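These notes concern the structure reproduced below.
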Amino acid sequence: MTWLIDSIDSWLREMLLDAAMNSFTNMLHNVNASVQDVAYQVGQTPQGWNAGIFTMVRNLSETVILPIAGIILTFVLCYELIQLIIEKNNMHDFDTFNIFKWIGKSFVAVLILTNTWNIVMGIFDLAQGVVNQSAGLITSDLTLGSPDMLLAIATQLEALGTGELLVLFLQVQVVGLLMEIMAIVITIIVWGRMIEIYLVSSIAPIPLATMVNREWGQMGNNYLKSLLALGFQGFLIMICLAIYAVLVANFVLVGSMTTTIWSIVAYTALLCFMLLKSGGIAKSIFSAH
């Protein structure tokens with residue numbers, strides 16, 4: 001009878017060992033896939049991320065928003081001229097050079113307005129160049145599950161008894177579910193940033209139409225700061241991924257298996273939190289409201 005119990009125990013242990021190892025391998029694979037996908041998504045330009053949305057937003061900006069911005073620019077330039085006249089005692093102390101200065105400002109304002117889309121995309125291309133350079137240095141270090149790691153996992157699993165393997169297997173299933181949820185959250189954050197870029201770009205002509213006036217110009221200045229913050233948020237996201245990679249690089253070589261799997265959850269939750277904070281950090285750096 002003892003041999004039967006031992007055989008069943010041995011069979012169950014082997015089955016749980018294989019199942020736990022497969023679960024660990026799948027979990028590491030899912031972590032790798034999620035992180036690599038985030039790095040890829042962040043490295044995309046607005047036109048590269050979704051060409052259809054990019055074209056639609058550009059058409060809306062140039063056909064719907066640009067005419068409104070033209071009206072606002074006309075008002076701002078007239079307001080600027082009136083201020084110019086009033087400041088010089090109703091032209092009694094007027095300097096002719098001020099007219100040429102106003103004409104020059106008007107020319108620059110029209111030039112900015114007619115090239116709004118190129119200016120906005122130029123800012124994002126600049127920021128994206130920085131992101132892509134950092135991605136080339138970081139993504140090679142984002143892969144978990146090297147042969148040494150998997151060997152260390154297998155060694156630790158083989159040292160566990162049948163009951164411990166069963167408990168560990170159940171924990172891995174729970175952790176796998178949590179990781180899937182957090183992967184979805186991370187994807188939403190990254191996609192949300194791209195949608196925000198499209199939304200901000202679509203309205204660009206209006207704030208840029210105000211830049212020539214000292215009072216109204218704060219709107220345009222803050223808008224440019226917001227563009228820089230949005231662009232360089234991608235760089236902050238890449239730094240978050242690099243820190244995450246360093247934190248989990250050797251986690252399987254230390255501590256118990258239970259500690260290992262919950263460390264993965266903790267580090268991934270920390271990554272989610274910092275990705276959520278990255279937008280606010282970028283805005284505070286560039287003093288954007």
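We label chains A, B, ... in the order they appear in the structure tokens, count residues from 1 in each chain, and number ligands from 1 in the order shown.
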Got a sec: who's within 9 Å of Ile281 in chain A, counting only C-alpha atoms, leaving out chain neighbours fewer than 4 positions off, as a tab-separated table (two decimals) with N, CA, C and O atoms, in the first residue's frame?
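selection-v8.tsv written:
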chain	number	residue	atom	x	y	z
A	229	ALA	N	6.00	68.65	-22.58
A	229	ALA	CA	5.76	67.71	-21.49
A	229	ALA	C	5.23	66.38	-22.01
A	229	ALA	O	5.67	65.31	-21.59
A	233	GLN	N	7.33	62.97	-21.88
A	233	GLN	CA	6.74	61.94	-21.00
A	233	GLN	C	7.17	60.56	-21.48
A	233	GLN	O	7.38	59.64	-20.67
A	236	LEU	N	10.42	59.72	-19.96
A	236	LEU	CA	10.26	59.32	-18.55
A	236	LEU	C	9.72	57.90	-18.45
A	236	LEU	O	10.11	57.13	-17.56
A	277	LYS	N	2.12	58.47	-12.87
A	277	LYS	CA	2.67	59.73	-12.39
A	277	LYS	C	3.51	60.45	-13.44
A	277	LYS	O	3.81	61.64	-13.29
A	285	ILE	N	7.98	69.52	-14.61
A	285	ILE	CA	9.32	69.87	-15.09
A	285	ILE	C	9.25	71.04	-16.07
A	285	ILE	O	10.08	71.96	-16.02
A	286	PHE	N	8.27	71.02	-16.97
A	286	PHE	CA	8.16	72.08	-18.00
A	286	PHE	C	7.23	73.21	-17.58
A	286	PHE	O	6.91	74.08	-18.40
What lies within 10 Å of range 261-265 of chain A using only C-alpha atoms, ignoring chain neighbours under 4 positions off, as a short mmCIF file (atom, residue, chain, number, x, y, z; two decimals) with C-alpha atoms, in the first residue's frame?
data_model
loop_
_atom_site.label_atom_id
_atom_site.label_comp_id
_atom_site.auth_asym_id
_atom_site.auth_seq_id
_atom_site.Cartn_x
_atom_site.Cartn_y
_atom_site.Cartn_z
CA PHE A 24 6.51 30.62 -14.15
CA MET A 27 4.39 34.57 -16.48
CA LEU A 28 7.92 35.73 -17.38
CA VAL A 31 5.97 40.26 -18.45
CA LEU A 168 2.99 27.69 -5.04
CA GLN A 171 -0.18 31.44 -5.95
CA VAL A 172 1.29 31.61 -9.45
CA VAL A 175 -0.23 36.31 -9.58
CA GLY A 176 -0.66 35.57 -13.29
CA LEU A 178 -2.91 40.14 -11.34
CA MET A 179 -0.14 40.54 -13.92
CA MET A 182 -1.68 45.31 -14.58
CA TYR A 244 11.90 48.17 -13.55
CA LEU A 247 14.82 45.88 -10.03
CA VAL A 248 13.70 42.51 -11.38
CA PHE A 251 14.91 38.48 -8.40
CA VAL A 252 14.79 34.72 -9.04
CA SER A 256 11.97 31.87 -1.49
CA MET A 257 9.74 31.25 -4.48
CA ALA A 269 2.45 47.58 -9.45
CA LEU A 270 5.19 50.14 -8.80
CA LEU A 271 5.75 50.41 -12.56
#
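One distance worth recording is that between CA of Met211 in chain A and CA of Gln83 in chain A, which is 15.6 Å.
Picture a line from CA of Gln44 in chain A to CA of Ile189 in chain A; it runs 14.6 Å.
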By how many Å are CA of Ser284 in chain A and CA of Ala245 in chain A apart?
25.5 Å
A:Val35, A:Ile82, A:Ile119, A:Leu227 ranked by distance to Ala242 in chain A, top pick (using only C-alpha atoms):
A:Val35
Which residues are close to range 196-202 of chain A, i.e. within 8 Å by only C-alpha atoms, leaving aside same-chain residues fewer than 5 positions away? Reply as a list in words.
Pro46, Ile53, Phe54, Val57, Arg58, Leu60, Ser61, Ile65, Trp117, Val120, Leu227 and Leu230 of chain A
Can you list, as a VMD selection string, every residue of range 12-116 of chain A that DSSP puts in alpha helix (DSSP H)?
chain A and resid 12 to 42 46 to 49 51 to 60 66 to 87 96 to 114 116
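Here the question is which of A:Phe100, A:Trp49, A:Tyr223, A:Phe124 gets nearest to His289 in chain A using only C-alpha atoms, and that residue is A:Tyr223.
Remark: for Ser226 in chain A, the closest of the candidate residues A:Ala282, A:Leu177, A:Cys78, A:Met21 is A:Ala282 (distances computed over only C-alpha atoms).
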I'd like the contact shell of Glu215 in chain A - 12 Å cut-off, only C-alpha atoms, skipping same-chain residues fewer than 6 positions apart - returned as an MDAnalysis selection string.
chainID A and resid 76 79:80 83 221
How would the residues just chosen look if you wrote them out with N, CA and C atoms as a short mmCIF file (atom, residue, chain, number, x, y, z; two decimals), in the first residue's frame?
data_model
loop_
_atom_site.label_atom_id
_atom_site.label_comp_id
_atom_site.auth_asym_id
_atom_site.auth_seq_id
_atom_site.Cartn_x
_atom_site.Cartn_y
_atom_site.Cartn_z
N VAL A 76 -6.75 89.34 -32.17
CA VAL A 76 -5.55 89.59 -31.37
C VAL A 76 -4.70 90.68 -32.00
N TYR A 79 -6.42 94.00 -31.56
CA TYR A 79 -6.26 94.38 -30.15
C TYR A 79 -4.86 94.91 -29.90
N GLU A 80 -3.88 94.27 -30.50
CA GLU A 80 -2.49 94.68 -30.37
C GLU A 80 -2.29 96.08 -30.97
N GLN A 83 -3.90 98.72 -28.69
CA GLN A 83 -3.03 98.95 -27.54
C GLN A 83 -1.84 99.82 -27.92
N ASN A 221 2.10 80.06 -24.92
CA ASN A 221 3.32 79.61 -24.25
C ASN A 221 3.07 78.35 -23.43
#
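Closest to Ala288 in chain A among A:Cys272, A:Leu228, A:Leu126, A:Ile239 is A:Leu228, based on only C-alpha atoms.
For the choices A:Ile68, A:Ala20, A:Ile99, A:Leu275, the atom-to-atom distance to Thr187 in chain A is smallest for A:Leu275 when using only C-alpha atoms.
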